[in-house]
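Novice: So I've got this file, my_file.txt, and it contains compact mmCIF, C-alpha atoms and all ligand atoms:
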# COMPACT_ATOMS: atom_id res chain seq x y z
CA MET A 30 -10.10 -13.20 2.41
CA LYS A 31 -9.11 -15.20 -0.67
CA VAL A 32 -5.82 -14.32 -2.32
CA VAL A 33 -5.77 -15.20 -6.02
CA HIS A 34 -3.00 -14.76 -8.54
CA THR A 35 -4.67 -15.70 -11.81
CA ILE A 36 -7.57 -14.26 -13.78
CA GLU A 37 -9.16 -17.70 -13.91
CA GLU A 38 -9.19 -18.03 -10.08
CA LEU A 39 -10.50 -14.49 -9.81
CA ARG A 40 -13.39 -15.22 -12.18
CA ASP A 41 -14.17 -18.43 -10.27
CA GLN A 42 -14.44 -16.45 -7.05
CA LEU A 43 -16.65 -13.77 -8.57
CA ARG A 44 -19.02 -15.85 -10.68
CA GLY A 45 -22.62 -14.64 -10.25
CA GLN A 46 -21.69 -11.51 -8.28
CA LEU A 47 -23.74 -8.54 -9.45
CA ARG A 48 -22.27 -5.57 -7.63
CA VAL A 49 -18.55 -5.97 -7.19
CA ALA A 50 -16.75 -2.95 -5.69
CA PHE A 51 -13.12 -2.71 -6.73
CA VAL A 52 -10.04 -0.95 -5.36
CA PRO A 53 -6.95 -1.18 -7.59
CA THR A 54 -3.63 -0.52 -5.83
CA MET A 55 0.09 -1.03 -6.28
CA GLY A 56 0.36 -2.48 -2.78
CA ASN A 57 2.50 -1.36 0.15
CA LEU A 58 -0.83 -0.63 1.74
CA HIS A 59 -1.30 2.11 4.32
CA ALA A 60 -4.25 3.65 6.13
CA ALA A 61 -5.42 5.56 3.04
CA HIS A 62 -5.73 2.35 1.01
CA LEU A 63 -7.64 0.71 3.83
CA SER A 64 -10.07 3.59 3.90
CA LEU A 65 -10.63 3.21 0.13
CA MET A 66 -11.55 -0.43 0.77
CA HIS A 67 -13.86 0.62 3.57
CA LEU A 68 -15.63 3.08 1.30
CA ALA A 69 -15.88 0.39 -1.38
CA ARG A 70 -17.70 -1.79 1.10
CA GLN A 71 -20.42 0.85 1.39
CA HIS A 72 -20.96 0.87 -2.37
CA GLY A 73 -20.84 -2.76 -3.39
CA ASP A 74 -20.46 -6.34 -2.34
CA PRO A 75 -18.12 -8.13 -2.46
CA VAL A 76 -15.08 -5.87 -2.35
CA VAL A 77 -12.17 -6.88 -4.55
CA ALA A 78 -8.75 -5.27 -4.20
CA SER A 79 -5.81 -5.69 -6.53
CA ILE A 80 -2.10 -5.33 -5.97
CA PHE A 81 -0.01 -4.95 -9.08
CA VAL A 82 3.03 -2.74 -9.61
CA ASN A 83 2.38 -1.66 -13.17
CA ARG A 84 5.60 -1.32 -15.14
CA LEU A 85 3.76 0.45 -17.96
CA GLN A 86 3.18 3.59 -15.86
CA PHE A 87 6.81 4.00 -14.80
CA ALA A 88 9.35 5.81 -16.99
CA PRO A 89 12.78 4.12 -17.31
CA ASN A 90 14.30 6.68 -14.88
CA GLU A 91 11.57 6.16 -12.26
CA ASP A 92 11.31 3.93 -9.20
CA PHE A 93 9.75 0.74 -10.65
CA ASP A 94 12.50 -1.49 -9.26
CA GLN A 95 12.60 0.16 -5.83
CA TYR A 96 8.82 0.41 -5.47
CA PRO A 97 8.12 -1.40 -2.17
CA ARG A 98 6.59 -4.86 -2.68
CA THR A 99 5.21 -6.03 0.64
CA LEU A 100 2.55 -8.62 -0.21
CA ALA A 101 2.73 -10.58 3.07
CA GLU A 102 2.25 -7.42 5.19
CA ASP A 103 -0.44 -6.17 2.81
CA VAL A 104 -2.38 -9.41 3.17
CA GLU A 105 -2.15 -9.14 6.97
CA LYS A 106 -3.51 -5.61 6.92
CA LEU A 107 -6.38 -6.55 4.64
CA GLU A 108 -7.23 -9.58 6.79
CA ALA A 109 -7.31 -7.40 9.90
CA ALA A 110 -9.49 -4.72 8.29
CA ARG A 111 -12.00 -7.31 7.04
CA ASP A 112 -13.37 -5.25 4.15
CA VAL A 113 -11.94 -7.20 1.22
CA TYR A 114 -13.30 -10.53 0.03
CA VAL A 115 -10.86 -11.27 -2.78
CA LEU A 116 -7.36 -9.91 -3.27
CA PHE A 117 -6.17 -10.21 -6.87
CA ALA A 118 -2.37 -10.16 -6.98
CA PRO A 119 -1.28 -11.16 -10.48
CA ASP A 120 2.34 -11.25 -11.58
CA GLU A 121 3.52 -9.60 -14.77
CA ARG A 122 3.17 -12.76 -16.83
CA GLU A 123 -0.46 -13.03 -15.83
CA LEU A 124 -1.44 -9.46 -16.63
CA TYR A 125 0.97 -8.87 -19.52
CA PRO A 126 1.39 -12.35 -21.07
CA GLU A 127 2.46 -10.68 -24.30
CA PRO A 128 3.81 -7.17 -24.97
CA GLN A 129 0.95 -4.76 -24.33
CA ASN A 130 0.86 -3.03 -27.70
CA PHE A 131 -2.79 -2.04 -27.61
CA ARG A 132 -2.77 0.92 -25.24
CA ILE A 133 -5.17 3.60 -24.05
CA GLN A 134 -4.01 7.09 -24.94
CA PRO A 135 -5.81 9.76 -22.90
CA ALA A 136 -6.68 13.02 -24.67
CA GLU A 137 -3.65 15.34 -24.63
CA ALA A 138 -5.62 18.16 -22.99
CA LEU A 139 -5.94 15.99 -19.91
CA GLY A 140 -3.15 13.45 -20.20
CA LYS A 141 -0.20 15.62 -21.21
CA ILE A 142 -0.62 18.49 -18.74
CA LEU A 143 0.62 18.71 -15.11
CA GLU A 144 1.73 15.15 -14.21
CA GLY A 145 1.63 14.25 -17.89
CA GLU A 146 4.14 16.96 -18.74
CA PHE A 147 6.71 15.48 -16.35
CA ARG A 148 5.69 11.83 -16.75
CA PRO A 149 4.72 11.65 -20.44
CA ASP A 150 3.49 8.04 -20.56
CA PHE A 151 2.13 7.87 -17.04
CA PHE A 152 -1.56 8.21 -17.86
CA MET A 153 -1.27 5.88 -20.84
CA GLY A 154 0.15 3.30 -18.43
CA VAL A 155 -2.48 3.93 -15.77
CA SER A 156 -5.46 3.90 -18.15
CA THR A 157 -4.24 0.78 -19.91
CA VAL A 158 -3.80 -1.19 -16.70
CA VAL A 159 -7.03 0.11 -15.16
CA LEU A 160 -8.95 -0.97 -18.26
CA LYS A 161 -7.31 -4.40 -18.08
CA LEU A 162 -8.06 -4.71 -14.35
CA PHE A 163 -11.66 -3.64 -14.96
CA SER A 164 -11.94 -6.31 -17.60
CA CYS A 165 -10.59 -8.95 -15.18
CA VAL A 166 -12.70 -7.90 -12.17
CA GLN A 167 -15.77 -6.52 -14.01
CA PRO A 168 -16.71 -4.26 -11.12
CA SER A 169 -19.86 -2.15 -10.86
CA VAL A 170 -18.06 0.40 -8.72
CA ALA A 171 -14.40 1.35 -8.33
CA VAL A 172 -12.84 3.61 -5.73
CA PHE A 173 -9.88 5.94 -6.34
CA GLY A 174 -8.22 8.43 -3.98
CA LYS A 175 -8.28 12.15 -4.65
CA LYS A 176 -4.58 12.48 -3.87
CA ASP A 177 -4.00 11.33 -7.45
CA TYR A 178 -6.44 13.96 -8.66
CA GLN A 179 -5.55 13.89 -12.32
CA GLN A 180 -5.50 10.09 -12.36
CA LEU A 181 -9.05 10.11 -11.01
CA MET A 182 -10.10 12.48 -13.81
CA VAL A 183 -8.37 10.38 -16.47
CA VAL A 184 -10.09 7.21 -15.23
CA ARG A 185 -13.46 8.98 -15.13
CA ALA A 186 -12.98 10.29 -18.68
CA MET A 187 -11.97 6.84 -19.91
CA CYS A 188 -15.06 5.23 -18.38
CA ARG A 189 -17.28 7.90 -19.87
CA GLN A 190 -15.79 7.74 -23.36
CA PHE A 191 -15.74 3.93 -23.50
CA GLN A 192 -19.14 3.75 -21.81
CA LEU A 193 -17.77 1.32 -19.25
CA PRO A 194 -20.48 0.29 -16.80
CA VAL A 195 -18.32 1.20 -13.81
CA GLU A 196 -19.24 3.95 -11.38
CA ILE A 197 -16.12 5.77 -10.17
CA ILE A 198 -16.16 6.90 -6.57
CA ALA A 199 -13.62 9.34 -5.14
CA HIS A 200 -12.22 9.15 -1.64
CA GLU A 201 -10.90 12.27 0.09
CA THR A 202 -7.15 12.44 0.58
CA VAL A 203 -6.09 10.88 3.86
CA ARG A 204 -3.45 12.86 5.77
CA ASP A 205 -1.15 12.37 8.70
CA ALA A 206 -1.82 14.63 11.68
CA ASP A 207 0.71 17.18 10.36
CA GLY A 208 -1.04 17.38 6.97
CA LEU A 209 1.22 15.18 4.84
CA ALA A 210 -0.90 13.19 2.37
CA LEU A 211 -0.39 9.46 2.90
CA SER A 212 1.58 7.83 0.09
CA SER A 213 3.65 4.70 -0.30
CA ARG A 214 6.48 6.95 -1.42
CA ASN A 215 6.60 8.69 2.00
CA ARG A 216 8.66 5.76 3.18
CA TYR A 217 11.55 7.00 1.01
CA LEU A 218 11.79 10.18 3.14
CA ASN A 219 14.58 10.42 5.73
CA PRO A 220 13.61 11.95 9.12
CA GLN A 221 14.67 15.44 8.10
CA GLU A 222 12.71 15.24 4.83
CA ARG A 223 9.72 13.78 6.64
CA ALA A 224 9.71 16.84 8.92
CA GLU A 225 9.79 19.15 5.89
CA ALA A 226 7.27 17.21 3.76
CA PRO A 227 4.06 18.74 5.26
CA GLN A 228 5.18 22.10 3.87
CA LEU A 229 3.77 21.02 0.52
CA TYR A 230 0.26 20.94 1.96
CA ARG A 231 0.94 24.18 3.89
CA LEU A 232 1.75 25.80 0.56
CA LEU A 233 -1.50 24.61 -1.01
CA GLN A 234 -3.43 26.02 1.93
CA HIS A 235 -1.57 29.31 1.58
CA VAL A 236 -2.43 29.53 -2.14
CA ARG A 237 -6.08 28.83 -1.35
CA ASP A 238 -6.19 31.45 1.41
CA GLU A 239 -4.49 34.10 -0.72
CA ILE A 240 -6.81 33.51 -3.67
CA ARG A 241 -9.74 33.87 -1.33
CA ALA A 242 -8.17 37.11 -0.15
CA GLY A 243 -8.18 38.36 -3.75
CA ARG A 244 -4.65 37.71 -5.02
CA GLY A 245 -4.02 36.58 -8.60
CA VAL A 246 -3.41 32.99 -9.67
CA ASP A 247 -0.25 33.58 -11.75
CA ASP A 248 1.41 35.46 -8.95
CA LEU A 249 0.71 32.76 -6.43
CA GLU A 250 1.83 29.94 -8.72
CA ALA A 251 5.18 31.69 -9.29
CA GLU A 252 5.55 32.51 -5.61
CA GLY A 253 4.74 28.90 -4.69
CA MET A 254 7.52 27.59 -6.96
CA GLN A 255 9.96 30.05 -5.36
CA THR A 256 8.92 29.12 -1.83
CA LEU A 257 9.53 25.44 -2.50
CA LYS A 258 12.90 26.11 -4.15
CA LYS A 259 14.03 28.24 -1.22
CA ARG A 260 13.16 25.44 1.16
CA GLY A 261 15.28 23.00 -0.84
CA TRP A 262 12.60 21.30 -2.94
CA VAL A 263 12.79 20.80 -6.69
CA PRO A 264 9.26 21.66 -7.80
CA ASP A 265 7.72 20.49 -11.08
CA TYR A 266 4.58 22.61 -10.83
CA VAL A 267 2.30 24.58 -8.55
CA ALA A 268 -0.90 25.13 -10.53
CA VAL A 269 -4.38 26.45 -9.86
CA ARG A 270 -6.88 24.80 -12.18
CA ARG A 271 -10.61 24.36 -12.72
CA GLN A 272 -11.88 21.22 -11.03
CA ARG A 273 -14.03 20.26 -13.99
CA ASP A 274 -11.33 19.96 -16.67
CA LEU A 275 -8.01 21.01 -15.09
CA GLY A 276 -7.90 24.01 -17.44
CA SER A 277 -6.55 27.35 -16.25
CA PRO A 278 -9.32 29.55 -14.86
CA SER A 279 -9.78 33.13 -16.04
CA THR A 280 -9.78 35.94 -13.50
CA ASP A 281 -13.53 36.25 -14.01
CA GLU A 282 -14.07 32.55 -13.35
CA VAL A 283 -12.05 32.74 -10.14
CA ALA A 284 -14.03 35.78 -9.01
CA ALA A 285 -17.34 34.08 -9.90
CA GLY A 286 -16.59 31.17 -7.57
CA GLU A 287 -15.62 28.52 -10.14
CA PRO A 288 -14.65 25.32 -8.25
CA LEU A 289 -10.85 25.21 -8.29
CA VAL A 290 -8.08 22.87 -7.28
CA VAL A 291 -4.48 23.78 -6.55
CA LEU A 292 -2.09 20.97 -7.46
CA ALA A 293 1.60 20.63 -6.80
CA ALA A 294 4.39 18.16 -7.50
CA ALA A 295 7.89 18.53 -6.14
CA ARG A 296 10.94 16.49 -5.28
CA LEU A 297 12.38 16.45 -1.79
CA GLY A 298 15.71 14.65 -1.99
CA ARG A 299 15.01 11.57 -4.13
CA THR A 300 11.30 11.48 -3.32
CA ARG A 301 8.72 13.02 -5.62
CA LEU A 302 5.57 14.06 -3.76
CA ILE A 303 2.26 15.27 -5.17
CA ASP A 304 -0.70 16.83 -3.43
CA ASN A 305 -3.75 18.96 -4.17
CA LEU A 306 -6.49 20.92 -2.47
CA GLU A 307 -9.97 21.73 -3.76
CA PHE A 308 -11.53 25.10 -2.97
CA GLN A 309 -13.42 27.99 -4.41
CA ARG A 310 -13.07 31.68 -3.91
CA GLY A 311 -16.65 32.44 -2.89
O1 LIG A 401 -2.92 4.82 -7.93
C1 LIG A 401 -2.36 3.71 -8.10
O2 LIG A 401 -1.97 3.02 -7.17
C2 LIG A 401 -2.12 3.20 -9.51
O3 LIG A 401 -1.85 4.25 -10.37
C3 LIG A 401 -3.26 2.32 -10.04
C4 LIG A 401 -4.56 3.09 -10.17
C5 LIG A 401 -3.44 1.13 -9.12
C6 LIG A 401 -2.90 1.80 -11.43
O4 LIG A 401 -1.73 1.04 -11.42
Now that the file is in, can you turn its structure into structure tokens?
Ligand code: PAF

Specialist:
Amino acid sequence: MKVVHTIEELRDQLRGQLRVAFVPTMGNLHAAHLSLMHLARQHGDPVVASIFVNRLQFAPNEDFDQYPRTLAEDVEKLEAARDVYVLFAPDERELYPEPQNFRIQPAEALGKILEGEFRPDFFMGVSTVVLKLFSCVQPSVAVFGKKDYQQLMVVRAMCRQFQLPVEIIAHETVRDADGLALSSRNRYLNPQERAEAPQLYRLLQHVRDEIRAGRGVDDLEAEGMQTLKKRGWVPDYVAVRRQRDLGSPSTDEVAAGEPLVVLAAARLGRTRLIDNLEFQRG
């Protein structure tokens, strides 16, 4: 695997390649990232991964400074997995050589709901850096995990609206044996919090099961918030939405088997976790 830090070196490595598959990450790689790279390998060649902790998607009160930067370990893991041909690991001066004052602003209906309500500039930051990374790597295919469900939808919408010639492929959420979705932020959890953390997924499963049993969405969303609070979490949202646009489904839509997704975000101690589960009633 070649590790490159500049756009020029990256372009040198990729000259003449016609079907690059790309996996953008912020590093601190775990098994879920490695499975994204593995999926990428099935859709293109060569596979390029990037590691860049993108300041633009962090609010001033968020964990940009603490975000784990583990490049040497990440490189080892990628070498061992043998799926990636080039790792692009630019520093901030390379990717943001001047203040980034041209920015992508996702439509409010998608970018300002759910995560966007609690992290107002998050999707602006993500879309802007993903567009920049796409322009550096020029991939034919890019792989994103479903754990960041709304991010995946924002990236898809951006590609569609800007007619970017990049096919976006989704990878299922990878979970630990107890159900906790893998995330770099799990490493912030102390042992007690780690033991509690799978309850978030349990809750999503409960909401799914109860909707299938005929209970109403509003009721279950409110109950879900209460359940988390009682267990000591600070929830931002528990929301049942349509898969296609993340809008709220009507009772008729739910009954008719509209594809749904239940999404939740909540803080456990100082760690904010998100998760989601796709289902339909039928
Ligand atoms: O999901 C992530 O790791 C980041 O949001 C991404 C897509 C790499 C953009 O910085």

Novice: As JSON, numbers by chain, please: the residues near Met187 (chain A) (cut-off 9 Å, only C-alpha atoms, same-chain neighbours under 3 positions excluded).

Specialist: {"A": [133, 135, 156, 160, 182, 183, 184, 190, 191, 192, 193]}

Novice: Which chains and residue numbers are within 10 Å of ligand LIG 401 (chain A), counting only C-alpha atoms and all ligand atoms, if I want them as a VMD selection string?

Specialist: chain A and resid 52 to 58 62 78 to 87 151 to 152 154 to 160 162 172 to 178 180 to 181 184 212 to 213

Novice: Considering all atoms listed in the file, return as a list in words whatever protein or nucleic-acid residues lie within 10 Å of region 30-32 of chain A, sequence-local ones (same chain, fewer than 2 positions apart) excluded.

Specialist: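 Within the cut-off, the hits are His34, Thr35, Glu38, Leu39, Gln42, Val77, Ala78, Ser79, Val104, Leu107, Glu108, Ala109, Arg111, Asp112, Val113, Tyr114, Val115, Leu116, Phe117, Ala118 and Pro119 of chain A.
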
Novice: I'd like the contact shell of Leu229 (chain A) - 12 Å cut-off, all atoms listed in the file, skipping same-chain residues fewer than 5 positions apart - returned as a PDB file with C-alpha atoms, in the coordinates of the input.

Specialist:
ATOM      1  CA  ASP A 207       0.710  17.180  10.360  1.00  0.00           C
ATOM      2  CA  GLY A 208      -1.040  17.380   6.970  1.00  0.00           C
ATOM      3  CA  LEU A 209       1.220  15.180   4.840  1.00  0.00           C
ATOM      4  CA  ALA A 210      -0.900  13.190   2.370  1.00  0.00           C
ATOM      5  CA  GLU A 222      12.710  15.240   4.830  1.00  0.00           C
ATOM      6  CA  ARG A 223       9.720  13.780   6.640  1.00  0.00           C
ATOM      7  CA  ALA A 224       9.710  16.840   8.920  1.00  0.00           C
ATOM      8  CA  GLN A 234      -3.430  26.020   1.930  1.00  0.00           C
ATOM      9  CA  HIS A 235      -1.570  29.310   1.580  1.00  0.00           C
ATOM     10  CA  VAL A 236      -2.430  29.530  -2.140  1.00  0.00           C
ATOM     11  CA  GLY A 253       4.740  28.900  -4.690  1.00  0.00           C
ATOM     12  CA  MET A 254       7.520  27.590  -6.960  1.00  0.00           C
ATOM     13  CA  THR A 256       8.920  29.120  -1.830  1.00  0.00           C
ATOM     14  CA  LEU A 257       9.530  25.440  -2.500  1.00  0.00           C
ATOM     15  CA  LYS A 258      12.900  26.110  -4.150  1.00  0.00           C
ATOM     16  CA  ARG A 260      13.160  25.440   1.160  1.00  0.00           C
ATOM     17  CA  GLY A 261      15.280  23.000  -0.840  1.00  0.00           C
ATOM     18  CA  TRP A 262      12.600  21.300  -2.940  1.00  0.00           C
ATOM     19  CA  VAL A 263      12.790  20.800  -6.690  1.00  0.00           C
ATOM     20  CA  PRO A 264       9.260  21.660  -7.800  1.00  0.00           C
ATOM     21  CA  TYR A 266       4.580  22.610 -10.830  1.00  0.00           C
ATOM     22  CA  VAL A 267       2.300  24.580  -8.550  1.00  0.00           C
ATOM     23  CA  VAL A 291      -4.480  23.780  -6.550  1.00  0.00           C
ATOM     24  CA  LEU A 292      -2.090  20.970  -7.460  1.00  0.00           C
ATOM     25  CA  ALA A 293       1.600  20.630  -6.800  1.00  0.00           C
ATOM     26  CA  ALA A 294       4.390  18.160  -7.500  1.00  0.00           C
ATOM     27  CA  ALA A 295       7.890  18.530  -6.140  1.00  0.00           C
ATOM     28  CA  ARG A 296      10.940  16.490  -5.280  1.00  0.00           C
ATOM     29  CA  LEU A 297      12.380  16.450  -1.790  1.00  0.00           C
ATOM     30  CA  ARG A 301       8.720  13.020  -5.620  1.00  0.00           C
ATOM     31  CA  LEU A 302       5.570  14.060  -3.760  1.00  0.00           C
ATOM     32  CA  ILE A 303       2.260  15.270  -5.170  1.00  0.00           C
ATOM     33  CA  ASP A 304      -0.700  16.830  -3.430  1.00  0.00           C
ATOM     34  CA  ASN A 305      -3.750  18.960  -4.170  1.00  0.00           C
ATOM     35  CA  LEU A 306      -6.490  20.920  -2.470  1.00  0.00           C
TER      36      LEU A 306
END

Novice: Which distance in Å separates CA of Asn130 (chain A) and CA of Phe163 (chain A), to one decimal?

Specialist: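 Distance between the two atoms: 17.9 Å.
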
Novice: Considering only C-alpha atoms, state which residue in the set A:Ala101, A:Ala242, A:Val170, A:Ala88 is at the smallest distance from Val195 (chain A).

Specialist: A:Val170

Novice: Between A:Val33, A:Ala171, A:Leu65, A:Ala60, which has the minimum distance to Arg48 (chain A) (counting only C-alpha atoms)?

Specialist: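 Looking only at the distances to Arg48 (chain A), the closest residue turns out to be A:Ala171.
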
Novice: Go through A:Cys165, A:Gly243, A:Leu233, A:Gln255 one by one, measure the shortest atom-to-atom distance of each to Val269 (chain A) using all atoms listed in the file, and give the residue with the smallest value.

Specialist: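 Checking each candidate against Val269 (chain A), we get A:Leu233 as the closest.
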
Novice: Would you work out the distance separating CA of Val246 (chain A) from CA of Ala268 (chain A), expressed in Å to one decimal?

Specialist: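 Distance reported for this atom pair: 8.3 Å.
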
Novice: Take every atom of region 146-161 of chain A listed in the file, fit an axis-aligned box around them, add 8 Å per side, and give the centre and edge lengths in Å to one decimal as lines of an AutoDock Vina configuration file.

Specialist:
center_x = -1.1
center_y = 6.3
center_z = -18.0
size_x = 31.7
size_y = 37.4
size_z = 21.7

Novice: As an exercise, work out the distance from CA of Gln221 (chain A) to CA of Asp265 (chain A) in Å and give it to one decimal place.

Specialist: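 Atom-to-atom, CA of Gln221 (chain A) and CA of Asp265 (chain A) are spaced 21.0 Å apart.
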
Novice: Looking at all atoms listed in the file, which of A:Arg44, A:Arg204, A:Arg132, A:Lys161 is the one that sits closest to Ala61 (chain A)?

Specialist: A:Arg204

Novice: Looking at all atoms listed in the file, which of A:Glu105, A:Asp120, A:Glu137, A:Asp247 is the one that sits closest to Thr280 (chain A)?

Specialist: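 Once distances to Thr280 (chain A) are computed over all atoms listed in the file, the minimum belongs to A:Asp247.
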
Novice: Using only C-alpha atoms for the distances, tell me which of A:Leu249, A:Ala284, A:Val166, A:Met66 is nearest to Arg40 (chain A).

Specialist: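 Residue with the minimum atom-to-atom distance to Arg40 (chain A): A:Val166.
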